[in-house]
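my_file.csv follows; it contains CSV, C-alpha atoms.
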chain,number,residue,atom,x,y,z
A,75,MET,CA,30.1,2.0,-17.0
A,76,ARG,CA,28.4,-1.2,-18.3
A,77,ALA,CA,29.9,-4.4,-16.8
A,78,SER,CA,30.6,-6.9,-19.6
A,79,SER,CA,33.6,-8.9,-18.5
A,80,PRO,CA,33.5,-12.8,-18.4
A,81,GLN,CA,34.0,-12.6,-14.6
A,82,PHE,CA,30.9,-10.4,-14.3
A,83,ALA,CA,28.9,-12.7,-16.5
A,84,ALA,CA,29.8,-15.7,-14.5
A,85,GLN,CA,28.9,-14.0,-11.2
A,86,PHE,CA,25.6,-12.9,-12.6
A,87,ARG,CA,24.6,-16.4,-13.7
A,88,PHE,CA,25.2,-17.5,-10.2
A,89,THR,CA,23.4,-14.7,-8.4
A,90,ALA,CA,20.5,-14.9,-10.8
A,91,CYS,CA,19.4,-18.2,-9.3
A,92,TYR,CA,20.9,-17.7,-5.8
A,93,PRO,CA,20.5,-14.0,-5.1
A,94,GLU,CA,21.0,-14.2,-1.4
A,95,VAL,CA,24.7,-14.9,-1.8
A,96,ASP,CA,27.0,-11.9,-2.1
A,97,LEU,CA,30.1,-12.6,-4.2
A,98,THR,CA,31.7,-9.3,-3.3
A,99,LEU,CA,32.5,-10.2,0.3
A,100,GLY,CA,35.9,-11.4,1.4
A,101,GLU,CA,36.5,-15.1,1.7
A,102,SER,CA,37.1,-16.2,5.2
A,103,SER,CA,39.3,-19.2,6.2
A,104,VAL,CA,36.3,-20.9,7.6
A,105,VAL,CA,34.4,-20.7,4.3
A,106,ARG,CA,37.5,-21.9,2.4
A,107,ILE,CA,37.7,-25.0,4.7
A,108,LEU,CA,34.0,-25.7,4.5
A,109,ARG,CA,34.1,-25.3,0.7
A,110,SER,CA,37.0,-27.8,0.5
A,111,VAL,CA,35.2,-30.2,2.8
A,112,SER,CA,32.0,-29.8,0.7
A,113,TRP,CA,34.0,-30.7,-2.5
A,114,LEU,CA,35.4,-33.8,-0.9
A,115,PHE,CA,32.0,-35.0,0.2
A,116,PHE,CA,30.6,-34.0,-3.2
A,117,VAL,CA,33.1,-36.2,-5.0
A,118,ALA,CA,32.5,-39.1,-2.5
A,119,THR,CA,28.8,-38.8,-2.9
A,120,MET,CA,29.0,-38.7,-6.7
A,121,TYR,CA,31.2,-41.9,-6.6
A,122,LEU,CA,28.7,-43.7,-4.4
A,123,ILE,CA,25.8,-42.7,-6.7
A,124,LEU,CA,27.9,-44.1,-9.6
A,125,THR,CA,28.4,-47.4,-7.8
A,126,GLU,CA,24.6,-47.8,-7.7
A,127,ALA,CA,24.2,-46.7,-11.3
A,128,VAL,CA,26.6,-49.4,-12.7
A,129,TRP,CA,25.9,-52.2,-10.2
A,130,PRO,CA,24.1,-54.4,-12.8
A,131,TRP,CA,27.3,-54.5,-14.9
A,132,LEU,CA,30.2,-53.5,-12.6
A,133,LYS,CA,30.6,-54.1,-8.9
A,134,LEU,CA,32.5,-51.2,-7.4
A,135,PRO,CA,33.4,-50.9,-3.7
A,136,ASP,CA,30.8,-49.0,-1.8
A,137,LEU,CA,29.9,-48.1,1.8
A,138,GLY,CA,26.5,-49.7,2.2
A,139,ASN,CA,23.4,-47.8,3.2
A,140,VAL,CA,24.8,-46.4,6.4
A,141,GLY,CA,28.0,-45.2,4.9
A,142,PHE,CA,26.2,-43.7,1.9
A,143,THR,CA,23.8,-41.8,4.1
A,144,LEU,CA,26.6,-40.4,6.4
A,145,THR,CA,28.6,-39.3,3.4
A,146,PHE,CA,25.6,-37.7,1.7
A,147,VAL,CA,24.4,-35.9,4.8
A,148,GLY,CA,28.0,-34.7,5.4
A,149,PHE,CA,27.9,-33.1,2.0
A,150,SER,CA,24.5,-31.5,2.6
A,151,LEU,CA,25.5,-30.1,6.0
A,152,ALA,CA,28.9,-28.8,4.9
A,153,HIS,CA,27.5,-27.2,1.7
A,154,CYS,CA,24.6,-25.6,3.5
A,155,TRP,CA,27.0,-24.3,6.2
A,156,ALA,CA,29.4,-22.8,3.6
A,157,LEU,CA,26.5,-21.2,1.7
A,158,GLU,CA,24.2,-20.1,4.5
A,159,GLY,CA,26.3,-20.0,7.7
A,160,ALA,CA,26.3,-22.2,10.9
A,161,GLY,CA,23.1,-20.7,12.4
A,162,ARG,CA,20.9,-21.1,9.4
A,163,THR,CA,22.2,-24.5,8.7
A,164,GLY,CA,21.6,-25.6,12.4
A,165,MET,CA,18.0,-24.3,12.1
A,166,PHE,CA,17.4,-26.1,8.9
A,167,PHE,CA,18.8,-29.4,10.1
A,168,ALA,CA,17.0,-29.2,13.5
A,169,VAL,CA,13.6,-28.5,11.8
A,170,SER,CA,14.2,-31.3,9.3
A,171,ALA,CA,15.3,-33.8,12.0
A,172,VAL,CA,12.5,-33.0,14.5
A,173,VAL,CA,9.7,-32.9,11.9
A,174,SER,CA,10.8,-36.0,10.0
A,175,TYR,CA,11.4,-38.1,13.1
A,176,ALA,CA,8.1,-37.1,14.7
A,177,MET,CA,6.2,-37.8,11.5
A,178,GLU,CA,8.0,-41.2,11.0
A,179,GLU,CA,7.4,-42.2,14.6
A,180,VAL,CA,3.7,-41.4,14.4
A,181,GLY,CA,3.6,-43.0,11.0
A,182,VAL,CA,5.1,-46.3,12.1
A,183,ARG,CA,2.9,-46.4,15.3
A,184,THR,CA,-0.4,-45.6,13.6
A,185,GLY,CA,-0.1,-46.0,9.9
A,186,LEU,CA,-2.0,-42.8,9.5
A,187,ILE,CA,0.6,-40.7,7.7
A,188,TYR,CA,2.4,-42.9,5.1
A,189,GLY,CA,0.4,-46.2,5.4
A,190,PRO,CA,1.1,-49.3,7.6
A,191,TYR,CA,4.8,-50.0,7.6
A,192,HIS,CA,7.7,-50.8,9.8
A,193,TYR,CA,11.5,-50.7,9.6
A,194,SER,CA,13.7,-53.7,9.5
A,195,ASP,CA,17.0,-53.9,11.3
A,196,MET,CA,19.0,-53.1,8.1
A,197,LEU,CA,19.3,-49.4,8.9
A,198,GLY,CA,20.9,-49.8,12.3
A,199,VAL,CA,19.9,-48.8,15.9
A,200,LYS,CA,16.4,-47.3,16.4
A,201,LEU,CA,15.1,-44.5,18.6
A,202,GLY,CA,11.6,-45.7,19.3
A,203,HIS,CA,10.4,-47.4,16.1
A,204,VAL,CA,12.5,-45.3,13.7
A,205,PRO,CA,16.2,-45.9,12.9
A,206,VAL,CA,18.5,-43.0,14.0
A,207,LEU,CA,19.7,-42.9,10.4
A,208,ILE,CA,16.3,-41.9,9.0
A,209,PRO,CA,16.2,-38.2,10.1
A,210,LEU,CA,19.7,-37.9,8.7
A,211,ALA,CA,18.5,-39.4,5.4
A,212,TRP,CA,15.6,-37.0,5.3
A,213,PHE,CA,18.0,-34.0,5.5
A,214,MET,CA,20.4,-35.4,2.9
A,215,MET,CA,17.5,-35.4,0.4
A,216,ILE,CA,15.7,-32.3,1.7
A,217,TYR,CA,18.6,-29.9,1.1
A,218,PRO,CA,19.4,-30.7,-2.5
A,219,SER,CA,15.7,-30.7,-3.3
A,220,TRP,CA,15.4,-27.3,-1.7
A,221,MET,CA,18.2,-26.0,-3.9
A,222,VAL,CA,16.6,-27.3,-7.0
A,223,ALA,CA,13.3,-25.6,-6.0
A,224,ARG,CA,15.2,-22.3,-5.4
A,225,ALA,CA,16.7,-22.4,-8.9
A,226,LEU,CA,13.3,-23.3,-10.5
A,227,LEU,CA,11.5,-20.4,-8.7
A,228,HIS,CA,14.0,-17.6,-9.1
A,229,GLY,CA,12.3,-14.5,-10.4
A,230,VAL,CA,8.8,-15.0,-9.0
A,231,GLU,CA,9.4,-13.3,-5.7
A,232,HIS,CA,7.1,-10.5,-4.5
A,233,GLY,CA,8.1,-7.6,-2.3
A,234,SER,CA,5.2,-7.2,0.1
A,235,LEU,CA,4.6,-9.0,3.4
A,236,LEU,CA,1.8,-11.0,1.9
A,237,GLY,CA,3.9,-11.7,-1.1
A,238,SER,CA,6.7,-13.0,1.0
A,239,VAL,CA,4.3,-15.4,2.7
A,240,LEU,CA,3.1,-16.6,-0.7
A,241,ASP,CA,6.7,-16.9,-1.9
A,242,ASN,CA,7.6,-19.1,1.1
A,243,THR,CA,4.5,-21.2,0.6
A,244,ALA,CA,5.2,-21.6,-3.1
A,245,ARG,CA,8.8,-22.6,-2.5
A,246,ALA,CA,7.8,-25.1,0.1
A,247,ALA,CA,5.2,-26.6,-2.2
A,248,VAL,CA,7.5,-26.9,-5.2
A,249,ALA,CA,10.4,-28.2,-3.0
A,250,ALA,CA,8.0,-30.8,-1.5
A,251,CYS,CA,7.1,-32.0,-5.0
A,252,VAL,CA,10.7,-32.1,-6.1
A,253,MET,CA,11.6,-34.3,-3.1
A,254,THR,CA,8.5,-36.5,-3.3
A,255,ALA,CA,9.3,-37.1,-7.0
A,256,TRP,CA,12.7,-38.5,-5.7
A,257,ASP,CA,10.8,-41.0,-3.5
A,258,THR,CA,8.6,-42.2,-6.4
A,259,VAL,CA,11.8,-43.9,-7.8
A,260,MET,CA,13.6,-44.6,-4.5
A,261,ASP,CA,11.0,-46.1,-2.2
A,262,PRO,CA,9.9,-49.2,-4.2
A,263,GLY,CA,13.5,-50.4,-4.6
A,264,MET,CA,14.5,-49.7,-1.0
A,265,ALA,CA,11.4,-51.6,0.2
A,266,ALA,CA,12.1,-54.4,-2.1
A,267,ALA,CA,15.6,-54.6,-0.7
A,268,GLY,CA,14.2,-55.1,2.8
A,269,ASN,CA,15.0,-51.8,4.4
A,270,TRP,CA,11.4,-51.3,5.4
A,271,VAL,CA,8.2,-53.3,5.0
A,272,TRP,CA,4.8,-52.1,3.7
A,273,GLU,CA,2.6,-54.4,5.7
A,274,LYS,CA,-0.4,-54.3,3.3
A,275,GLY,CA,1.5,-53.6,0.2
A,276,GLY,CA,0.3,-50.9,-2.2
A,277,ALA,CA,-0.9,-50.0,-5.7
A,278,TYR,CA,2.4,-48.3,-6.7
A,279,PHE,CA,5.0,-51.1,-7.1
A,280,GLY,CA,4.1,-52.4,-3.6
A,281,VAL,CA,4.0,-48.9,-2.0
A,282,PRO,CA,0.7,-47.4,-0.9
A,283,VAL,CA,-0.2,-44.1,-2.7
A,284,GLN,CA,-0.8,-42.6,0.8
A,285,ASN,CA,2.9,-42.7,1.3
A,286,TYR,CA,3.4,-40.0,-1.2
A,287,PHE,CA,0.8,-37.7,0.3
A,288,GLY,CA,2.6,-38.3,3.6
A,289,TRP,CA,5.9,-37.2,2.0
A,290,LEU,CA,4.3,-34.1,0.5
A,291,LEU,CA,3.0,-33.2,4.0
A,292,THR,CA,6.3,-33.9,5.8
A,293,THR,CA,8.5,-32.0,3.4
A,294,PHE,CA,6.1,-29.1,3.0
A,295,LEU,CA,6.1,-28.6,6.8
A,296,VAL,CA,9.9,-28.7,6.9
A,297,TYR,CA,10.4,-26.3,4.0
A,298,TRP,CA,7.7,-23.9,5.2
A,299,ILE,CA,9.1,-23.7,8.7
A,300,GLU,CA,12.6,-23.3,7.4
A,301,GLY,CA,11.6,-20.6,5.0
A,302,PHE,CA,9.9,-18.7,7.8
A,303,LEU,CA,13.0,-19.0,10.0
A,304,TRP,CA,15.2,-17.9,7.0
A,305,ARG,CA,12.9,-15.0,6.1
A,306,ARG,CA,15.8,-12.5,6.5
A,307,PRO,CA,18.2,-12.4,3.5
A,308,ASN,CA,21.6,-13.9,4.1
A,309,ARG,CA,25.0,-12.6,3.0
A,310,THR,CA,27.5,-15.4,2.4
A,311,SER,CA,31.1,-15.0,1.4
A,312,GLY,CA,33.6,-16.9,-0.7
A,313,VAL,CA,31.3,-19.1,-2.8
A,314,THR,CA,31.1,-19.4,-6.6
A,315,ARG,CA,28.3,-20.2,-9.0
A,316,ILE,CA,29.6,-23.7,-9.6
A,317,PHE,CA,30.0,-24.4,-5.9
A,318,ALA,CA,26.4,-23.2,-5.1
A,319,ALA,CA,25.1,-25.5,-7.9
A,320,LEU,CA,26.6,-28.7,-6.5
A,321,PRO,CA,23.3,-29.9,-4.8
A,322,VAL,CA,21.5,-29.4,-8.1
A,323,ILE,CA,24.2,-31.5,-9.8
A,324,VAL,CA,23.8,-34.2,-7.1
A,325,TYR,CA,20.1,-34.3,-7.6
A,326,SER,CA,20.5,-34.5,-11.4
A,327,PHE,CA,23.1,-37.3,-11.1
A,328,PHE,CA,20.6,-39.2,-8.9
A,329,ALA,CA,18.1,-38.9,-11.8
A,330,VAL,CA,20.6,-40.3,-14.2
A,331,ARG,CA,21.3,-43.1,-11.8
A,332,TYR,CA,17.7,-44.2,-11.6
A,333,VAL,CA,17.3,-43.9,-15.4
A,334,ALA,CA,20.4,-46.0,-15.9
A,335,SER,CA,19.4,-48.9,-13.6
A,336,SER,CA,16.7,-49.9,-11.2
A,337,ARG,CA,15.6,-53.1,-9.5
A,338,ILE,CA,12.2,-52.3,-11.0
A,339,HIS,CA,12.7,-51.5,-14.7
A,340,ALA,CA,9.5,-49.5,-15.1
A,341,LEU,CA,10.9,-47.0,-12.6
A,342,GLN,CA,13.6,-46.1,-15.1
A,343,VAL,CA,10.8,-44.5,-17.2
A,344,VAL,CA,9.3,-42.8,-14.2
A,345,ALA,CA,12.7,-41.4,-13.3
A,346,VAL,CA,12.9,-39.5,-16.6
A,347,PHE,CA,9.9,-37.4,-15.8
A,348,SER,CA,9.7,-37.4,-12.0
A,349,MET,CA,13.3,-36.4,-11.3
A,350,GLY,CA,14.8,-35.8,-14.8
A,351,LEU,CA,12.5,-32.9,-15.7
A,352,PRO,CA,13.0,-30.8,-12.6
A,353,ALA,CA,16.7,-31.6,-12.6
A,354,LEU,CA,17.1,-30.5,-16.3
A,355,LEU,CA,15.1,-27.3,-15.7
A,356,ALA,CA,17.1,-26.4,-12.6
A,357,LEU,CA,20.4,-27.0,-14.4
A,358,LEU,CA,19.3,-24.8,-17.2
A,359,ARG,CA,18.3,-22.1,-14.8
A,360,VAL,CA,21.6,-22.2,-13.0
A,361,ALA,CA,23.6,-22.3,-16.2
A,362,ALA,CA,21.7,-19.8,-18.4
A,363,PRO,CA,19.2,-17.4,-16.8
A,364,ALA,CA,16.9,-15.3,-18.8
A,365,LYS,CA,18.6,-13.0,-21.3
A,366,GLY,CA,16.4,-10.1,-20.3
A,367,ASN,CA,17.6,-10.3,-16.7
A,368,LEU,CA,21.2,-10.4,-17.9
A,369,ALA,CA,20.7,-7.3,-20.0
A,370,SER,CA,19.0,-5.5,-17.1
A,371,GLN,CA,21.7,-6.4,-14.6
A,372,GLY,CA,24.4,-5.4,-17.0
A,373,SER,CA,22.9,-1.9,-17.6
A,374,GLU,CA,22.7,-1.3,-13.9
A,375,SER,CA,26.2,-2.2,-13.1
A,376,THR,CA,28.9,0.5,-12.8
As structure tokens, the full file:
Amino acid sequence: MRASSPQFAAQFRFTACYPEVDLTLGESSVVRILRSVSWLFFVATMYLILTEAVWPWLKLPDLGNVGFTLTFVGFSLAHCWALEGAGRTGMFFAVSAVVSYAMEEVGVRTGLIYGPYHYSDMLGVKLGHVPVLIPLAWFMMIYPSWMVARALLHGVEHGSLLGSVLDNTARAAVAACVMTAWDTVMDPGMAAAGNWVWEKGGAYFGVPVQNYFGWLLTTFLVYWIEGFLWRRPNRTSGVTRIFAALPVIVYSFFAVRYVASSRIHALQVVAVFSMGLPALLALLRVAAPAKGNLASQGSEST
């Protein structure tokens, strides 16, 4: 029997972009709690992004850099846990924290990775030369960027062992570009606000071009290692298409925030193409996968 109900169509649109998630499994109480917590963090994160978007015209209460980071990383952790489970989330966070901290510490000490820079005291206590908040900030951005890349690349997977290595490398490369695009509009403003100092300035709004190659390298390493550790498919219960798309929505809202307002007005144009394009394409992939895939899936359902 061909499945053609609205419920089937909604489930297909979700699984088309996130095929690892099984919507047929029973929903556990842990997943329900995690999903509720994720929604709370999602709403809080969206509000905090909104405060940044409207700050030139309206001053809304916010939590500052530290509060914003803790709220956002709370969303990323809770959502990843609900979608992928505790073990996979722990691996992802550990890889992100260790790699990003190591790269930052070496970068600050030597200037070889991102260019010569140092952190001010605005981001709180430091471990070595790097604020403790920084590895958390990396993960809060790494996870939504990963979800955007997964949506963009659905349908290009290969079945062989060599193909799986190539798939992992492709996802890591695309996700690294998606996240580095985020930094092209974030870094100049954060540096101008005094969170860190580029000691010799740079050609890109005061930021050295080397910084972005350093971001590509750092994020590629995180994503490739994580993809290798996650090479076995995961079965997650109790999540919906809309819930799984929340990180993509957050990334997209950040794009809108940077288009709406920026300390450096030229970056509003940059944001349209650097973040806006991948965000738009990812949203379209999540909302409306290819018609051919839908027809094929429908004909195979019984």
Just want the 9 Å neighbourhood of range 342-355 of chain A, counted on only C-alpha atoms, with same-chain residues fewer than 2 positions away dropped. Output as a PDB file with C-alpha atoms, in the coordinates of the input.
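part17.pdb written:
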ATOM      1  CA  VAL A 222      16.600 -27.300  -7.000  1.00  0.00           C
ATOM      2  CA  ALA A 223      13.300 -25.600  -6.000  1.00  0.00           C
ATOM      3  CA  ALA A 225      16.700 -22.400  -8.900  1.00  0.00           C
ATOM      4  CA  LEU A 226      13.300 -23.300 -10.500  1.00  0.00           C
ATOM      5  CA  VAL A 252      10.700 -32.100  -6.100  1.00  0.00           C
ATOM      6  CA  MET A 253      11.600 -34.300  -3.100  1.00  0.00           C
ATOM      7  CA  THR A 254       8.500 -36.500  -3.300  1.00  0.00           C
ATOM      8  CA  ALA A 255       9.300 -37.100  -7.000  1.00  0.00           C
ATOM      9  CA  TRP A 256      12.700 -38.500  -5.700  1.00  0.00           C
ATOM     10  CA  THR A 258       8.600 -42.200  -6.400  1.00  0.00           C
ATOM     11  CA  VAL A 259      11.800 -43.900  -7.800  1.00  0.00           C
ATOM     12  CA  VAL A 322      21.500 -29.400  -8.100  1.00  0.00           C
ATOM     13  CA  ILE A 323      24.200 -31.500  -9.800  1.00  0.00           C
ATOM     14  CA  TYR A 325      20.100 -34.300  -7.600  1.00  0.00           C
ATOM     15  CA  SER A 326      20.500 -34.500 -11.400  1.00  0.00           C
ATOM     16  CA  PHE A 327      23.100 -37.300 -11.100  1.00  0.00           C
ATOM     17  CA  PHE A 328      20.600 -39.200  -8.900  1.00  0.00           C
ATOM     18  CA  ALA A 329      18.100 -38.900 -11.800  1.00  0.00           C
ATOM     19  CA  VAL A 330      20.600 -40.300 -14.200  1.00  0.00           C
ATOM     20  CA  ARG A 331      21.300 -43.100 -11.800  1.00  0.00           C
ATOM     21  CA  TYR A 332      17.700 -44.200 -11.600  1.00  0.00           C
ATOM     22  CA  VAL A 333      17.300 -43.900 -15.400  1.00  0.00           C
ATOM     23  CA  ALA A 334      20.400 -46.000 -15.900  1.00  0.00           C
ATOM     24  CA  SER A 335      19.400 -48.900 -13.600  1.00  0.00           C
ATOM     25  CA  SER A 336      16.700 -49.900 -11.200  1.00  0.00           C
ATOM     26  CA  ILE A 338      12.200 -52.300 -11.000  1.00  0.00           C
ATOM     27  CA  HIS A 339      12.700 -51.500 -14.700  1.00  0.00           C
ATOM     28  CA  ALA A 340       9.500 -49.500 -15.100  1.00  0.00           C
ATOM     29  CA  LEU A 357      20.400 -27.000 -14.400  1.00  0.00           C
ATOM     30  CA  LEU A 358      19.300 -24.800 -17.200  1.00  0.00           C
ATOM     31  CA  ARG A 359      18.300 -22.100 -14.800  1.00  0.00           C
ATOM     32  CA  VAL A 360      21.600 -22.200 -13.000  1.00  0.00           C
TER      33      VAL A 360
END
Which distance in Å separates CA of Phe116 in chain A and CA of Phe149 in chain A, to one decimal?
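Pair CA of Phe116 in chain A / CA of Phe149 in chain A returns 5.9 Å.
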Kindly provide, as a PDB file with C-alpha atoms, in the coordinates of the input, the polymer residues lying within 10 Å of (11.9, -42.2, 4.7), counting only C-alpha atoms and using the coordinates exactly as they appear in the file.
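This went into selection_7.pdb:
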ATOM      1  CA  SER A 174      10.800 -36.000  10.000  1.00  0.00           C
ATOM      2  CA  TYR A 175      11.400 -38.100  13.100  1.00  0.00           C
ATOM      3  CA  MET A 177       6.200 -37.800  11.500  1.00  0.00           C
ATOM      4  CA  GLU A 178       8.000 -41.200  11.000  1.00  0.00           C
ATOM      5  CA  TYR A 188       2.400 -42.900   5.100  1.00  0.00           C
ATOM      6  CA  TYR A 193      11.500 -50.700   9.600  1.00  0.00           C
ATOM      7  CA  VAL A 204      12.500 -45.300  13.700  1.00  0.00           C
ATOM      8  CA  PRO A 205      16.200 -45.900  12.900  1.00  0.00           C
ATOM      9  CA  LEU A 207      19.700 -42.900  10.400  1.00  0.00           C
ATOM     10  CA  ILE A 208      16.300 -41.900   9.000  1.00  0.00           C
ATOM     11  CA  PRO A 209      16.200 -38.200  10.100  1.00  0.00           C
ATOM     12  CA  LEU A 210      19.700 -37.900   8.700  1.00  0.00           C
ATOM     13  CA  ALA A 211      18.500 -39.400   5.400  1.00  0.00           C
ATOM     14  CA  TRP A 212      15.600 -37.000   5.300  1.00  0.00           C
ATOM     15  CA  MET A 215      17.500 -35.400   0.400  1.00  0.00           C
ATOM     16  CA  ASP A 257      10.800 -41.000  -3.500  1.00  0.00           C
ATOM     17  CA  MET A 260      13.600 -44.600  -4.500  1.00  0.00           C
ATOM     18  CA  ASP A 261      11.000 -46.100  -2.200  1.00  0.00           C
ATOM     19  CA  MET A 264      14.500 -49.700  -1.000  1.00  0.00           C
ATOM     20  CA  TRP A 270      11.400 -51.300   5.400  1.00  0.00           C
ATOM     21  CA  ASN A 285       2.900 -42.700   1.300  1.00  0.00           C
ATOM     22  CA  TRP A 289       5.900 -37.200   2.000  1.00  0.00           C
TER      23      TRP A 289
END
Using only C-alpha atoms, can you tell me which of A:Val105, A:Ile123, A:Leu303, A:Ala318 comes closest to Phe166 in chain A?
A:Leu303
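The gap separating CA of Leu144 in chain A from CA of Tyr121 in chain A is 13.9 Å, in Å to one decimal.
Picture a line from CA of Thr145 in chain A to CA of Gly198 in chain A; it runs 15.8 Å.
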Selected residue of minimal separation from Leu320 in chain A among A:Cys154, A:Val182, A:Leu137, A:Ala246, counting only C-alpha atoms:
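The closest residue to Leu320 in chain A is A:Cys154.
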So that I can check the surroundings of Ala160 in chain A, please list as a list in words every protein, DNA and RNA residue that reaches within 12 Å of it, counting only C-alpha atoms and ignoring chain neighbours fewer than 6 positions away.
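Skipping anything fewer than 6 positions along the chain leaves Val104, Val105, Leu108, Leu151, Ala152, His153, Cys154, Phe166, Phe167, Ala168, Asn308 and Thr310 of chain A.
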For Arg224 in chain A, the nearest of the candidates A:Val248, A:Met196, A:Ala277, A:Leu295, counting all atoms listed in the file
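Smallest separation from Arg224 in chain A among the options: A:Val248.
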Measuring atom to atom with all atoms listed in the file, identify which of A:Arg106, A:Pro262, A:Asn139, A:Ala362 is nearest to Leu157 in chain A.
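Under the stated criterion, the closest residue is A:Arg106.
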Please list as a PyMOL selection string every residue within 12 Å of Arg306 in chain A, counting all atoms listed in the file and excluding residues in the same chain fewer than 4 positions away.
chain A and resi 94+158+162+238+242+300-302
Nearest to Val172 in chain A by atom-to-atom distance, counting all atoms listed in the file, from A:Ile187, A:Pro321, A:Ile299, A:Thr125
A:Ile299
Which is closest to Ala118 in chain A among A:Trp304, A:Trp131, A:Val147, A:Ser170, if we use all atoms listed in the file?
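Of all the options, A:Val147 lies closest to Ala118 in chain A.
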Because the input lacks atoms here, generate N, CA and C atoms for range 101-118 of chain A and report them as an mmCIF file, keeping the file's coordinate frame.
data_model
loop_
_atom_site.group_PDB
_atom_site.id
_atom_site.type_symbol
_atom_site.label_atom_id
_atom_site.label_comp_id
_atom_site.auth_asym_id
_atom_site.auth_seq_id
_atom_site.Cartn_x
_atom_site.Cartn_y
_atom_site.Cartn_z
ATOM 1 N N GLU A 101 36.570 -13.671 1.388
ATOM 2 C CA GLU A 101 36.500 -15.100 1.700
ATOM 3 C C GLU A 101 37.220 -15.403 2.969
ATOM 4 N N SER A 102 36.519 -15.902 3.976
ATOM 5 C CA SER A 102 37.100 -16.200 5.200
ATOM 6 C C SER A 102 37.768 -17.599 5.186
ATOM 7 N N SER A 103 38.653 -17.850 6.141
ATOM 8 C CA SER A 103 39.300 -19.200 6.200
ATOM 9 C C SER A 103 38.293 -20.262 6.486
ATOM 10 N N VAL A 104 37.276 -19.937 7.294
ATOM 11 C CA VAL A 104 36.300 -20.900 7.600
ATOM 12 C C VAL A 104 35.510 -21.354 6.351
ATOM 13 N N VAL A 105 35.147 -20.380 5.520
ATOM 14 C CA VAL A 105 34.400 -20.700 4.300
ATOM 15 C C VAL A 105 35.319 -21.515 3.356
ATOM 16 N N ARG A 106 36.599 -21.164 3.277
ATOM 17 C CA ARG A 106 37.500 -21.900 2.400
ATOM 18 C C ARG A 106 37.585 -23.383 2.877
ATOM 19 N N ILE A 107 37.666 -23.599 4.179
ATOM 20 C CA ILE A 107 37.700 -25.000 4.700
ATOM 21 C C ILE A 107 36.423 -25.697 4.423
ATOM 22 N N LEU A 108 35.293 -25.038 4.704
ATOM 23 C CA LEU A 108 34.000 -25.700 4.500
ATOM 24 C C LEU A 108 33.783 -25.984 2.994
ATOM 25 N N ARG A 109 34.246 -25.079 2.142
ATOM 26 C CA ARG A 109 34.100 -25.300 0.700
ATOM 27 C C ARG A 109 34.939 -26.527 0.285
ATOM 28 N N SER A 110 36.143 -26.643 0.823
ATOM 29 C CA SER A 110 37.000 -27.800 0.500
ATOM 30 C C SER A 110 36.376 -29.089 1.009
ATOM 31 N N VAL A 111 35.845 -29.048 2.247
ATOM 32 C CA VAL A 111 35.200 -30.200 2.800
ATOM 33 C C VAL A 111 33.969 -30.605 1.954
ATOM 34 N N SER A 112 33.225 -29.605 1.553
ATOM 35 C CA SER A 112 32.000 -29.800 0.700
ATOM 36 C C SER A 112 32.425 -30.514 -0.601
ATOM 37 N N TRP A 113 33.495 -30.042 -1.214
ATOM 38 C CA TRP A 113 34.000 -30.700 -2.500
ATOM 39 C C TRP A 113 34.352 -32.106 -2.253
ATOM 40 N N LEU A 114 35.007 -32.403 -1.133
ATOM 41 C CA LEU A 114 35.400 -33.800 -0.900
ATOM 42 C C LEU A 114 34.164 -34.666 -0.697
ATOM 43 N N PHE A 115 33.189 -34.190 0.075
ATOM 44 C CA PHE A 115 32.000 -35.000 0.200
ATOM 45 C C PHE A 115 31.196 -35.068 -1.071
ATOM 46 N N PHE A 116 31.248 -34.013 -1.882
ATOM 47 C CA PHE A 116 30.600 -34.000 -3.200
ATOM 48 C C PHE A 116 31.173 -35.149 -4.066
ATOM 49 N N VAL A 117 32.490 -35.194 -4.156
ATOM 50 C CA VAL A 117 33.100 -36.200 -5.000
ATOM 51 C C VAL A 117 32.812 -37.611 -4.448
ATOM 52 N N ALA A 118 32.857 -37.776 -3.117
ATOM 53 C CA ALA A 118 32.500 -39.100 -2.500
ATOM 54 C C ALA A 118 31.098 -39.473 -2.801
#
